[in-house]
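Engineer: The file below is upload-v5.csv, CSV, C-alpha atoms and all ligand atoms:
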chain,number,residue,atom,x,y,z
D,224,MET,CA,46.9,30.1,1.6
D,225,LEU,CA,49.7,32.7,1.3
D,226,VAL,CA,51.9,32.1,-1.8
D,227,THR,CA,55.1,34.1,-2.0
D,228,GLY,CA,56.7,34.6,-5.4
D,229,GLY,CA,53.3,33.8,-7.1
D,230,ALA,CA,54.1,36.0,-10.1
D,231,GLY,CA,57.3,34.0,-10.9
D,232,PHE,CA,57.5,30.8,-13.0
D,233,ILE,CA,56.8,28.0,-10.5
D,234,GLY,CA,54.7,30.2,-8.1
D,235,ALA,CA,52.3,31.3,-10.9
D,236,ASN,CA,52.0,27.7,-12.2
D,237,PHE,CA,51.3,26.7,-8.6
D,238,VAL,CA,48.5,29.2,-8.1
D,239,GLN,CA,46.9,28.1,-11.4
D,240,HIS,CA,47.4,24.4,-10.5
D,241,THR,CA,45.9,24.9,-7.1
D,242,LEU,CA,42.8,26.7,-8.3
D,243,ARG,CA,42.3,24.0,-11.0
D,244,ASN,CA,42.7,21.0,-8.7
D,245,HIS,CA,41.9,22.3,-5.2
D,246,PRO,CA,39.3,25.0,-5.9
D,247,THR,CA,38.3,25.6,-2.3
D,248,TYR,CA,41.6,27.4,-1.5
D,249,ASP,CA,41.5,31.1,-0.9
D,250,ILE,CA,44.8,32.4,-2.2
D,251,THR,CA,46.8,35.6,-1.5
D,252,VAL,CA,50.0,36.1,-3.6
D,253,LEU,CA,52.8,38.2,-2.1
D,254,ASP,CA,55.3,39.2,-4.8
D,255,ALA,CA,57.8,42.1,-5.2
D,256,LEU,CA,57.6,42.0,-9.0
D,257,THR,CA,61.3,42.0,-9.5
D,258,TYR,CA,62.6,41.7,-13.1
D,259,ALA,CA,61.6,38.0,-12.8
D,260,GLY,CA,58.0,38.6,-11.6
D,261,ASP,CA,55.3,39.2,-14.1
D,262,ARG,CA,51.7,39.6,-12.8
D,263,ARG,CA,50.4,38.7,-16.3
D,264,ALA,CA,51.3,35.1,-15.4
D,265,LEU,CA,48.3,35.2,-13.1
D,266,GLU,CA,45.9,36.6,-15.7
D,267,PRO,CA,43.9,33.4,-16.1
D,268,VAL,CA,43.0,33.4,-12.4
D,269,ALA,CA,43.3,37.1,-11.7
D,270,ASP,CA,39.7,37.4,-10.4
D,271,ARG,CA,40.2,34.5,-8.0
D,272,VAL,CA,43.4,35.6,-6.3
D,273,ARG,CA,44.3,38.5,-4.0
D,274,PHE,CA,47.5,40.0,-5.2
D,275,VAL,CA,49.7,42.0,-2.8
D,276,HIS,CA,52.7,43.8,-4.3
D,277,GLY,CA,55.3,43.7,-1.6
D,278,ASP,CA,58.6,42.4,-0.3
D,279,ILE,CA,59.1,39.2,1.8
D,280,CYS,CA,61.6,41.2,3.8
D,281,ASP,CA,58.9,43.7,5.0
D,282,THR,CA,58.3,42.5,8.5
D,283,ASP,CA,55.1,44.3,9.2
D,284,LEU,CA,53.5,43.4,5.9
D,285,VAL,CA,54.6,39.7,6.2
D,286,ASP,CA,53.3,39.6,9.8
D,287,ARG,CA,49.9,40.9,8.7
D,288,LEU,CA,49.5,38.5,5.8
D,289,VAL,CA,50.7,35.5,7.7
D,290,ALA,CA,48.3,36.2,10.5
D,291,GLU,CA,45.4,36.1,8.0
D,292,CYS,CA,46.3,32.7,6.4
D,293,ASP,CA,46.4,29.1,7.5
D,294,VAL,CA,49.3,28.0,5.3
D,295,VAL,CA,52.3,29.6,3.7
D,296,VAL,CA,54.0,28.2,0.6
D,297,HIS,CA,57.3,30.0,0.0
D,298,PHE,CA,58.5,30.2,-3.6
D,299,ALA,CA,59.8,33.8,-3.7
D,300,ALA,CA,63.6,33.9,-4.4
D,301,GLU,CA,66.3,35.3,-6.5
D,302,SER,CA,66.6,32.2,-8.6
D,303,HIS,CA,69.2,32.6,-11.4
D,304,VAL,CA,72.7,31.3,-10.9
D,305,ASP,CA,74.3,33.6,-13.5
D,306,ASN,CA,72.9,36.7,-11.8
D,307,SER,CA,74.1,35.5,-8.4
D,308,LEU,CA,77.7,35.3,-9.8
D,309,HIS,CA,77.5,38.8,-11.1
D,310,ASP,CA,75.7,40.4,-8.0
D,311,PRO,CA,75.1,38.2,-5.0
D,312,ALA,CA,73.6,40.9,-2.7
D,313,PRO,CA,69.9,40.5,-3.6
D,314,PHE,CA,70.3,36.8,-3.2
D,315,VAL,CA,71.4,37.1,0.4
D,316,ARG,CA,68.7,39.6,1.1
D,317,THR,CA,65.7,37.8,-0.5
D,318,ASN,CA,66.7,34.2,0.0
D,319,VAL,CA,68.1,34.5,3.5
D,320,THR,CA,66.6,37.5,5.2
D,321,GLY,CA,63.3,37.0,3.3
D,322,THR,CA,63.0,33.4,4.6
D,323,PHE,CA,64.0,34.5,8.1
D,324,THR,CA,61.2,37.2,8.0
D,325,LEU,CA,58.6,34.6,7.0
D,326,LEU,CA,59.8,32.0,9.6
D,327,GLU,CA,59.5,34.6,12.4
D,328,ALA,CA,55.9,35.4,11.3
D,329,VAL,CA,55.0,31.8,11.0
D,330,ARG,CA,56.5,31.1,14.5
D,331,ARG,CA,54.5,34.1,16.0
D,332,HIS,CA,51.2,32.9,14.5
D,333,ASP,CA,51.8,29.1,14.5
D,334,ARG,CA,51.1,28.6,10.8
D,335,ARG,CA,51.9,25.6,8.6
D,336,TYR,CA,54.8,26.5,6.3
D,337,HIS,CA,56.2,24.8,3.2
D,338,HIS,CA,59.7,25.8,2.0
D,339,VAL,CA,60.4,25.4,-1.7
D,340,SER,CA,64.1,24.7,-2.4
D,341,THR,CA,66.5,23.3,-4.9
D,342,ASP,CA,68.8,20.3,-5.4
D,343,GLU,CA,71.6,22.8,-6.0
D,344,VAL,CA,72.1,23.0,-2.2
D,345,PHE,CA,74.0,19.6,-2.5
D,346,GLY,CA,76.6,20.9,-4.9
D,347,ASP,CA,77.2,18.6,-7.9
D,348,LEU,CA,77.8,15.0,-8.8
D,349,ALA,CA,80.4,13.5,-11.1
D,350,LEU,CA,79.2,13.0,-14.7
D,351,ASP,CA,79.9,9.2,-14.6
D,352,ALA,CA,78.8,8.5,-11.0
D,353,GLU,CA,76.0,6.0,-10.3
D,354,GLN,CA,75.2,8.1,-7.2
D,355,LYS,CA,72.2,10.6,-6.9
D,356,PHE,CA,71.3,13.1,-4.2
D,357,THR,CA,69.2,11.9,-1.3
D,358,GLU,CA,67.6,13.6,1.7
D,359,GLU,CA,70.8,12.6,3.7
D,360,THR,CA,73.3,14.1,1.2
D,361,ARG,CA,75.6,16.7,2.9
D,362,TYR,CA,75.0,20.3,1.9
D,363,ASP,CA,77.9,21.6,-0.3
D,364,PRO,CA,76.6,24.5,-2.4
D,365,SER,CA,78.8,26.0,-5.2
D,366,SER,CA,77.3,29.3,-6.3
D,367,PRO,CA,76.0,32.4,-4.3
D,368,TYR,CA,72.5,31.3,-5.4
D,369,SER,CA,72.8,27.8,-4.0
D,370,ALA,CA,74.6,29.0,-0.9
D,371,THR,CA,71.8,31.3,0.0
D,372,LYS,CA,69.2,28.6,-0.7
D,373,ALA,CA,71.2,26.3,1.5
D,374,ALA,CA,71.2,28.9,4.3
D,375,SER,CA,67.5,29.3,4.0
D,376,ASP,CA,66.9,25.5,4.3
D,377,MET,CA,69.1,25.5,7.4
D,378,LEU,CA,67.0,28.3,8.9
D,379,VAL,CA,63.8,26.3,8.3
D,380,ARG,CA,65.3,23.2,9.9
D,381,ALA,CA,66.5,25.2,13.0
D,382,TRP,CA,63.0,26.8,13.4
D,383,VAL,CA,61.4,23.4,13.3
D,384,ARG,CA,63.8,22.0,15.9
D,385,SER,CA,64.1,25.1,18.2
D,386,TYR,CA,60.6,26.5,18.0
D,387,GLY,CA,58.5,23.6,16.8
D,388,VAL,CA,57.5,25.5,13.6
D,389,ARG,CA,55.2,23.2,11.5
D,390,ALA,CA,57.4,23.2,8.3
D,391,THR,CA,58.2,20.8,5.5
D,392,LEU,CA,60.9,21.3,2.8
D,393,SER,CA,61.3,20.2,-0.8
D,394,ASN,CA,64.3,20.3,-3.0
D,395,CYS,CA,63.4,19.9,-6.7
D,396,ALA,CA,65.5,19.4,-9.8
D,397,ASN,CA,65.4,21.7,-12.9
D,398,ASN,CA,61.9,22.7,-13.9
D,399,TYR,CA,60.5,23.4,-17.4
D,400,GLY,CA,57.1,24.5,-18.7
D,401,PRO,CA,55.0,27.7,-19.4
D,402,TYR,CA,55.8,31.1,-17.9
D,403,GLN,CA,59.5,30.4,-17.3
D,404,HIS,CA,61.6,33.5,-17.6
D,405,VAL,CA,63.6,33.8,-20.9
D,406,GLU,CA,66.9,34.0,-19.0
D,407,LYS,CA,66.6,30.2,-18.2
D,408,PHE,CA,68.1,27.6,-20.5
D,409,ILE,CA,65.1,26.1,-22.3
D,410,PRO,CA,63.0,29.2,-22.8
D,411,ARG,CA,66.2,31.2,-23.8
D,412,GLN,CA,66.9,28.7,-26.6
D,413,VAL,CA,63.2,28.4,-27.7
D,414,THR,CA,62.7,32.1,-27.9
D,415,ASN,CA,66.1,32.7,-29.6
D,416,LEU,CA,64.8,30.4,-32.4
D,417,LEU,CA,61.5,32.2,-32.5
D,418,VAL,CA,63.2,35.6,-32.9
D,419,GLY,CA,65.7,34.2,-35.5
D,420,ALA,CA,68.8,34.2,-33.2
D,421,ARG,CA,71.1,31.2,-32.6
D,422,PRO,CA,70.8,29.2,-29.4
D,423,LYS,CA,73.7,29.5,-27.0
D,424,LEU,CA,75.3,26.5,-25.3
D,425,TYR,CA,77.7,27.1,-22.3
D,426,GLY,CA,81.1,25.3,-22.9
D,427,ALA,CA,80.8,21.9,-24.4
D,428,GLY,CA,77.3,21.4,-23.2
D,429,LEU,CA,78.2,18.2,-21.3
D,430,ASN,CA,76.7,19.3,-17.9
D,431,VAL,CA,73.7,17.2,-16.9
D,432,ARG,CA,70.4,18.3,-15.4
D,433,GLU,CA,67.3,16.3,-14.3
D,434,TRP,CA,64.3,17.9,-16.0
D,435,THR,CA,60.9,17.9,-14.2
D,436,HIS,CA,57.8,19.5,-15.6
D,437,VAL,CA,56.5,22.4,-13.4
D,438,GLU,CA,53.1,20.7,-13.1
D,439,ASP,CA,54.8,17.6,-11.6
D,440,HIS,CA,56.7,19.8,-9.1
D,441,ASN,CA,53.6,21.5,-8.0
D,442,ASP,CA,51.7,18.2,-7.7
D,443,ALA,CA,54.5,17.1,-5.3
D,444,VAL,CA,54.2,20.3,-3.2
D,445,HIS,CA,50.5,19.5,-2.7
D,446,ALA,CA,51.3,15.9,-1.8
D,447,ILE,CA,53.7,17.2,0.8
D,448,LEU,CA,51.3,19.8,2.1
D,449,GLU,CA,48.6,17.2,2.5
D,450,ARG,CA,50.5,14.1,3.6
D,451,GLY,CA,54.1,15.2,4.4
D,452,ARG,CA,55.6,14.7,7.8
D,453,ILE,CA,56.4,17.9,9.7
D,454,GLY,CA,60.1,18.6,9.8
D,455,GLU,CA,60.9,16.4,6.9
D,456,THR,CA,62.6,17.1,3.6
D,457,TYR,CA,61.5,15.5,0.3
D,458,LEU,CA,63.5,15.4,-2.9
D,459,ILE,CA,61.5,15.9,-6.1
D,460,GLY,CA,62.7,14.8,-9.6
D,461,SER,CA,61.4,13.0,-12.7
D,462,GLY,CA,64.5,10.8,-13.0
D,463,ASP,CA,65.1,12.1,-16.6
D,464,GLU,CA,68.7,13.2,-16.8
D,465,ARG,CA,70.0,14.9,-20.0
D,466,SER,CA,73.1,16.8,-21.0
D,467,ASN,CA,72.5,20.3,-22.0
D,468,ARG,CA,73.6,19.4,-25.5
D,469,GLU,CA,70.9,16.6,-25.7
D,470,ILE,CA,68.3,19.1,-24.5
D,471,LEU,CA,69.3,21.7,-27.1
D,472,GLU,CA,69.3,19.1,-29.9
D,473,LEU,CA,65.8,18.0,-28.9
D,474,VAL,CA,64.6,21.6,-28.9
D,475,LEU,CA,66.1,22.1,-32.3
D,476,GLU,CA,64.5,18.9,-33.6
D,477,VAL,CA,61.1,19.8,-32.1
D,478,MET,CA,61.3,23.2,-33.8
D,479,GLY,CA,62.3,21.7,-37.2
D,480,GLN,CA,65.8,23.1,-37.2
D,481,PRO,CA,69.1,21.3,-38.0
D,482,ARG,CA,70.6,19.7,-34.8
D,483,ASP,CA,73.8,21.7,-35.1
D,484,ALA,CA,72.2,25.2,-35.5
D,485,TYR,CA,73.6,26.7,-32.3
D,486,GLU,CA,76.8,28.3,-31.0
D,487,HIS,CA,79.0,27.6,-28.1
D,488,VAL,CA,79.6,30.5,-25.7
D,489,SER,CA,81.9,30.9,-22.7
D,490,ASP,CA,81.2,28.6,-19.8
D,491,ARG,CA,79.6,29.6,-16.4
D,492,PRO,CA,82.3,30.0,-13.7
D,493,GLY,CA,82.2,27.1,-11.2
D,494,HIS,CA,79.5,25.4,-13.4
D,495,ASP,CA,78.0,22.4,-11.6
D,496,LEU,CA,78.5,19.2,-13.6
D,497,ARG,CA,75.5,17.2,-12.8
D,498,TYR,CA,72.3,17.2,-10.6
D,499,ALA,CA,70.2,14.1,-10.0
D,500,ASN,CA,67.7,13.5,-7.3
D,501,ASP,CA,66.7,10.1,-5.7
D,502,SER,CA,63.0,10.8,-5.1
D,503,THR,CA,62.2,7.4,-3.6
D,504,LYS,CA,61.0,8.9,-0.3
D,505,LEU,CA,58.4,11.1,-2.0
D,506,ARG,CA,57.3,8.2,-4.2
D,507,THR,CA,57.0,5.5,-1.5
D,508,GLU,CA,55.8,7.7,1.4
D,509,LEU,CA,53.5,10.0,-0.4
D,510,GLY,CA,52.7,8.1,-3.6
D,511,TRP,CA,53.9,10.9,-5.9
D,512,ARG,CA,54.6,10.0,-9.6
D,513,PRO,CA,55.5,12.4,-12.4
D,514,SER,CA,52.8,12.5,-15.1
D,515,TYR,CA,55.1,14.1,-17.7
D,516,VAL,CA,57.1,10.9,-18.4
D,517,GLU,CA,58.0,11.8,-22.0
D,518,LEU,CA,60.4,14.7,-22.0
D,519,ARG,CA,60.1,15.2,-25.8
D,520,ALA,CA,56.3,15.6,-25.5
D,521,GLY,CA,56.6,17.9,-22.5
D,522,LEU,CA,59.2,20.0,-24.4
D,523,ALA,CA,56.9,20.1,-27.5
D,524,ASP,CA,54.1,21.4,-25.3
D,525,THR,CA,56.4,24.0,-23.9
D,526,VAL,CA,57.6,25.1,-27.3
D,527,ASP,CA,53.9,25.4,-28.4
D,528,TRP,CA,53.2,27.5,-25.4
D,529,TYR,CA,56.1,30.0,-26.2
D,530,ARG,CA,55.0,30.1,-29.9
D,531,ALA,CA,51.4,31.0,-28.8
D,532,ASN,CA,52.3,33.4,-26.0
D,533,GLU,CA,54.8,35.9,-27.5
D,534,TRP,CA,52.8,38.7,-25.7
D,535,TRP,CA,54.0,37.2,-22.4
D,536,TRP,CA,57.8,36.7,-23.1
D,537,LYS,CA,58.7,39.2,-25.8
D,538,PRO,CA,58.8,42.2,-23.3
D,539,HIS,CA,61.5,40.4,-21.3
D,540,LYS,CA,63.6,39.2,-24.2
D,541,GLU,CA,65.7,42.2,-25.4
D,542,ARG,CA,66.8,43.2,-21.9
D,543,THR,CA,67.7,39.6,-21.0
D,544,GLU,CA,69.9,39.2,-24.1
D,545,ALA,CA,71.5,42.6,-23.5
D,546,ARG,CA,72.5,41.3,-20.0
D,547,TYR,CA,73.9,38.1,-21.5
D,548,ARG,CA,75.8,40.0,-24.1
D,549,SER,CA,77.5,42.1,-21.3
D,550,LEU,CA,78.5,38.8,-19.7
D,551,GLY,CA,79.9,37.5,-23.0
D,552,ARG,CA,77.3,34.7,-23.1
H,601,LIG,P1,61.5,33.0,-10.5
H,601,LIG,O1,62.7,33.8,-10.5
H,601,LIG,O2,60.8,32.7,-11.8
H,601,LIG,O3,60.4,33.8,-9.6
H,601,LIG,C1,60.7,34.3,-8.4
H,601,LIG,C2,59.6,35.2,-7.9
H,601,LIG,O4,59.9,35.7,-6.6
H,601,LIG,C3,59.3,36.4,-8.9
H,601,LIG,O5,58.0,36.6,-9.1
H,601,LIG,C4,59.9,37.6,-8.0
H,601,LIG,O6,59.2,38.8,-8.3
H,601,LIG,C5,59.6,37.1,-6.6
H,601,LIG,N1,60.5,37.8,-5.6
H,601,LIG,C6,61.9,37.9,-5.7
H,601,LIG,N2,62.3,38.6,-4.6
H,601,LIG,C7,61.2,38.9,-3.9
H,601,LIG,C8,61.1,39.5,-2.6
H,601,LIG,N3,62.1,40.1,-2.0
H,601,LIG,N4,59.8,39.6,-2.1
H,601,LIG,C9,58.8,39.1,-2.8
H,601,LIG,N5,58.9,38.5,-4.0
H,601,LIG,C10,60.1,38.4,-4.5
H,601,LIG,O7,61.8,31.7,-9.7
H,601,LIG,P2,61.2,30.2,-10.0
H,601,LIG,O8,62.1,29.5,-11.0
H,601,LIG,O9,59.8,30.3,-10.1
H,601,LIG,O10,61.6,29.5,-8.6
H,601,LIG,C11,60.7,29.5,-7.5
H,601,LIG,C12,61.3,28.8,-6.3
H,601,LIG,O11,61.6,27.5,-6.7
H,601,LIG,C13,62.7,29.4,-5.8
H,601,LIG,O12,62.7,29.3,-4.4
H,601,LIG,C14,63.7,28.5,-6.4
H,601,LIG,O13,64.9,28.5,-5.6
H,601,LIG,C15,63.0,27.1,-6.4
H,601,LIG,N6,63.4,26.2,-7.4
H,601,LIG,C16,63.4,26.5,-8.8
H,601,LIG,C17,63.7,25.5,-9.7
H,601,LIG,C18,63.7,25.9,-11.2
H,601,LIG,O14,64.1,25.0,-12.0
H,601,LIG,N7,63.3,27.0,-11.6
H,601,LIG,C19,64.0,24.2,-9.3
H,601,LIG,C20,64.0,23.9,-8.0
H,601,LIG,C21,63.7,24.9,-7.0
H,602,LIG,O1,68.3,22.4,-10.2
H,602,LIG,C1,67.4,23.4,-9.8
H,602,LIG,C2,67.9,24.7,-10.3
H,602,LIG,O2,67.7,24.8,-11.7
H,602,LIG,C3,67.1,25.9,-9.7
H,602,LIG,O3,67.4,25.9,-8.3
H,602,LIG,C4,67.4,27.2,-10.3
H,602,LIG,O4,66.6,28.2,-9.8
H,602,LIG,C5,67.2,27.1,-11.8
H,602,LIG,O5,67.6,28.4,-12.4
H,602,LIG,C6,68.0,26.0,-12.4
H,602,LIG,O6,69.4,26.2,-12.3
H,602,LIG,P1,70.4,26.0,-13.5
H,602,LIG,O7,71.6,26.8,-13.3
H,602,LIG,O8,70.6,24.5,-13.7
H,602,LIG,O9,69.5,26.5,-14.7
H,602,LIG,P2,69.7,27.3,-16.0
H,602,LIG,O10,68.4,27.3,-16.8
H,602,LIG,O11,70.4,28.6,-15.7
H,602,LIG,O12,70.8,26.4,-16.8
H,602,LIG,C7,70.6,25.1,-17.1
H,602,LIG,C8,71.8,24.5,-17.7
H,602,LIG,O13,72.0,25.1,-19.0
H,602,LIG,C9,73.1,24.9,-17.0
H,602,LIG,O14,74.0,23.8,-17.0
H,602,LIG,C10,73.7,26.1,-17.8
H,602,LIG,C11,73.2,25.8,-19.2
H,602,LIG,N1,72.9,27.0,-20.0
H,602,LIG,C12,72.1,28.0,-19.5
H,602,LIG,C13,71.8,29.0,-20.3
H,602,LIG,C14,70.9,30.1,-19.8
H,602,LIG,C15,73.4,27.0,-21.3
H,602,LIG,O15,74.1,26.1,-21.8
H,602,LIG,N2,73.1,28.1,-22.1
H,602,LIG,C16,72.3,29.1,-21.7
H,602,LIG,O16,72.0,30.0,-22.4
Now that the file is in, can you turn its structure into structure tokens?
Ligand code: NAD
Ligand code: DAU
Structural biologist:
Amino acid sequence: MLVTGGAGFIGANFVQHTLRNHPTYDITVLDALTYAGDRRALEPVADRVRFVHGDICDTDLVDRLVAECDVVVHFAAESHVDNSLHDPAPFVRTNVTGTFTLLEAVRRHDRRYHHVSTDEVFGDLALDAEQKFTEETRYDPSSPYSATKAASDMLVRAWVRSYGVRATLSNCANNYGPYQHVEKFIPRQVTNLLVGARPKLYGAGLNVREWTHVEDHNDAVHAILERGRIGETYLIGSGDERSNREILELVLEVMGQPRDAYEHVSDRPGHDLRYANDSTKLRTELGWRPSYVELRAGLADTVDWYRANEWWWKPHKERTEARYRSLGR
């Protein structure tokens, strides 16, 4: 199995999850080790994984690695919305050209391919709507990040239809869990509290996200790899929707702090209001169910992980906060 982006948050958890639950897989990780990649996230399985430091836009390298594998699981991406608003160029390169490069190699060598994507490709929902995203929802991305992920999904669909590439796609809601970069909402607030800084809430904090534990996401990817229908898209989500303010208050409570011990900062331009996935297809067709059904318990585990693993996140913290300061957030 070739795993791209295996030194990032979800990819590293996926590699560890795979070796724990499917120990016969022989895994190669391809990762460029951008600011978001950290090889130390693979330390627990370092002796069981081949790590290749390289770029998914490198045609020759990708061709060689794809030729050697049976299945490609593609996580590598520029993944942070705030960064995409500031400098969209790497997003177009990695998310679009990188996916194109992988698809061409997969086409040449007729390999099974799974494409990891996001619910952000659908745009956003009204805060008070009953509606959720489904596999039929029209694409309507808002940010440079989501536009490039939408473009990559479209490439995959076209390569399935035009060339018969054996691909599946998944669009997951917001993830949380260990090894998530400190630029993201939950780890940023947890590590702020751990270093004695105040958490930062964008705007009024009313925007809603659906929170899915990274283990449940990766379990769904395996269900799709094993039983998913070629050419199909599956939406992944726990069903647990919360406003950012609720999440922050929960983090503060879990960490024994007053519920109002945070500050409001300027909002993200074009900030999507609400994401929510209808994951009925994944549940009924493939029998997937989230195992993290108690968000508070999952958050408490995550807080414990950040408390115990300062060695992993501390080297990223100062630079991340310096970047946020320059953006006024
Ligand atoms: P991440 O930013 O933590 O990790 C991305 C990884 O990709 C890093 O290790 C980085 O070094 C690597 N990478 C970046 N550019 C590369 C390139 N050109 N060549 C090779 N490697 C490169 O991201 P994540 O949060 O783990 O997200 C993984 C995937 O899941 C992405 O495709 C993202 O769109 C999708 N996704 C994320 C979430 C979420 O909540 N984090 C939810 C749904 C979908
Ligand atoms: O829905 C899936 C997407 O979830 C993935 O495709 C993206 O890769 C992933 O980054 C995530 O996108 P979001 O923009 O929703 O995640 P982020 O962690 O950046 O922010 C979550 C919410 O919290 C969002 O409404 C902005 C808000 N926020 C974020 C930060 C960093 C704050 O209020 N304060 C903050 O400090």
Engineer: Can you pull out the residues contacting region 448-452 of chain D? Cut-off 9 Å, using all atoms listed in the file, and skip same-chain residues under 4 positions away; I want them as a PyMOL selection string.
Structural biologist: chain D and resi 296+335-337+390-391+443-444+456-457+505+508-509
Engineer: Could you build a table of the residues in chain D lying no more than 8 Å from ligand LIG 601 (chain H), giving for each the nearest pair of atoms and their separation in Å rounded to one decimal place, using only C-alpha atoms and all ligand atoms, ordered by chain and ascending residue number, as a tab-separated table?
Structural biologist:
residue	atom	partner	partner_atom	distance
D:Thr227	CA	H:LIG601	N5	6.1
D:Gly228	CA	H:LIG601	O4	3.6
D:Gly229	CA	H:LIG601	O5	5.8
D:Ala230	CA	H:LIG601	O5	4.1
D:Gly231	CA	H:LIG601	O5	3.2
D:Phe232	CA	H:LIG601	O9	3.7
D:Ile233	CA	H:LIG601	O9	3.8
D:Gly234	CA	H:LIG601	O9	5.5
D:Ala235	CA	H:LIG601	O9	7.6
D:Leu253	CA	H:LIG601	C9	6.1
D:Asp254	CA	H:LIG601	N5	3.8
D:Ala255	CA	H:LIG601	N5	4.0
D:Leu256	CA	H:LIG601	O6	3.6
D:Thr257	CA	H:LIG601	O6	4.0
D:Tyr258	CA	H:LIG601	O6	6.6
D:Ala259	CA	H:LIG601	C3	4.8
D:Gly260	CA	H:LIG601	O5	3.2
D:Asp261	CA	H:LIG601	O5	6.2
D:Arg262	CA	H:LIG601	O5	7.9
D:His276	CA	H:LIG601	C9	7.8
D:Gly277	CA	H:LIG601	C9	5.9
D:Asp278	CA	H:LIG601	N4	3.5
D:Ile279	CA	H:LIG601	N4	4.0
D:Cys280	CA	H:LIG601	N3	5.9
D:His297	CA	H:LIG601	O12	7.0
D:Phe298	CA	H:LIG601	C12	4.1
D:Ala299	CA	H:LIG601	O4	3.5
D:Ala300	CA	H:LIG601	C6	4.5
D:Glu301	CA	H:LIG601	C6	5.2
D:Ser302	CA	H:LIG601	O1	4.6
D:His303	CA	H:LIG601	O1	6.7
D:Pro313	CA	H:LIG601	N2	7.9
D:Arg316	CA	H:LIG601	N3	7.3
D:Thr317	CA	H:LIG601	N3	4.5
D:Asn318	CA	H:LIG601	O12	7.7
D:Gly321	CA	H:LIG601	N3	6.3
D:His338	CA	H:LIG601	O12	7.9
D:Val339	CA	H:LIG601	O12	5.3
D:Ser340	CA	H:LIG601	C21	4.6
D:Thr341	CA	H:LIG601	C21	3.8
D:Asp342	CA	H:LIG601	C20	6.5
D:Glu343	CA	H:LIG601	C20	7.9
D:Lys372	CA	H:LIG601	O13	6.5
D:Asn394	CA	H:LIG601	C21	6.1
D:Cys395	CA	H:LIG601	C20	4.2
D:Ala396	CA	H:LIG601	C19	5.1
D:Asn397	CA	H:LIG601	O14	3.7
D:Asn398	CA	H:LIG601	O14	3.7
D:Tyr399	CA	H:LIG601	O14	6.7
D:Gln403	CA	H:LIG601	O2	6.1
D:His404	CA	H:LIG601	O2	5.9
Engineer: Mind dumping the selected residues with C-alpha atoms as a compact mmCIF listing (two decimals), keeping the file's coordinate frame?
Structural biologist:
# COMPACT_ATOMS: atom_id res chain seq x y z
CA THR D 227 55.10 34.10 -2.00
CA GLY D 228 56.70 34.60 -5.40
CA GLY D 229 53.30 33.80 -7.10
CA ALA D 230 54.10 36.00 -10.10
CA GLY D 231 57.30 34.00 -10.90
CA PHE D 232 57.50 30.80 -13.00
CA ILE D 233 56.80 28.00 -10.50
CA GLY D 234 54.70 30.20 -8.10
CA ALA D 235 52.30 31.30 -10.90
CA LEU D 253 52.80 38.20 -2.10
CA ASP D 254 55.30 39.20 -4.80
CA ALA D 255 57.80 42.10 -5.20
CA LEU D 256 57.60 42.00 -9.00
CA THR D 257 61.30 42.00 -9.50
CA TYR D 258 62.60 41.70 -13.10
CA ALA D 259 61.60 38.00 -12.80
CA GLY D 260 58.00 38.60 -11.60
CA ASP D 261 55.30 39.20 -14.10
CA ARG D 262 51.70 39.60 -12.80
CA HIS D 276 52.70 43.80 -4.30
CA GLY D 277 55.30 43.70 -1.60
CA ASP D 278 58.60 42.40 -0.30
CA ILE D 279 59.10 39.20 1.80
CA CYS D 280 61.60 41.20 3.80
CA HIS D 297 57.30 30.00 0.00
CA PHE D 298 58.50 30.20 -3.60
CA ALA D 299 59.80 33.80 -3.70
CA ALA D 300 63.60 33.90 -4.40
CA GLU D 301 66.30 35.30 -6.50
CA SER D 302 66.60 32.20 -8.60
CA HIS D 303 69.20 32.60 -11.40
CA PRO D 313 69.90 40.50 -3.60
CA ARG D 316 68.70 39.60 1.10
CA THR D 317 65.70 37.80 -0.50
CA ASN D 318 66.70 34.20 0.00
CA GLY D 321 63.30 37.00 3.30
CA HIS D 338 59.70 25.80 2.00
CA VAL D 339 60.40 25.40 -1.70
CA SER D 340 64.10 24.70 -2.40
CA THR D 341 66.50 23.30 -4.90
CA ASP D 342 68.80 20.30 -5.40
CA GLU D 343 71.60 22.80 -6.00
CA LYS D 372 69.20 28.60 -0.70
CA ASN D 394 64.30 20.30 -3.00
CA CYS D 395 63.40 19.90 -6.70
CA ALA D 396 65.50 19.40 -9.80
CA ASN D 397 65.40 21.70 -12.90
CA ASN D 398 61.90 22.70 -13.90
CA TYR D 399 60.50 23.40 -17.40
CA GLN D 403 59.50 30.40 -17.30
CA HIS D 404 61.60 33.50 -17.60
Engineer: What residues of the protein or nucleic acid chains come within 9 Å of ligand LIG 602 (chain H) when you use all atoms listed in the file? Reply as a PyMOL selection string.
Structural biologist: chain D and resi 300-305+340-344+368-369+372+394-399+405-412+422-434+466-468+470-471+487-488+490-491+494-499+547+552
Engineer: How far is it from CA of Arg421 (chain D) to CA of Ala520 (chain D), in Å with one decimal?
Structural biologist: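 Spanning CA of Arg421 (chain D) to CA of Ala520 (chain D) is a straight-line distance of 22.6 Å.
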Engineer: CA of Asn236 (chain D) and CA of Asn441 (chain D), how far apart in Å?
Structural biologist: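 We find that CA of Asn441 (chain D) and CA of Asn236 (chain D) lie 7.7 Å from each other.
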Engineer: Determine the nearest neighbour of Thr525 (chain D) from the options D:Ser502, D:Ser461, D:Thr414, D:Thr322, counting all atoms listed in the file.
Structural biologist: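 Of D:Ser502, D:Ser461, D:Thr414, D:Thr322, the one nearest Thr525 (chain D), counting all atoms listed in the file, is D:Thr414.
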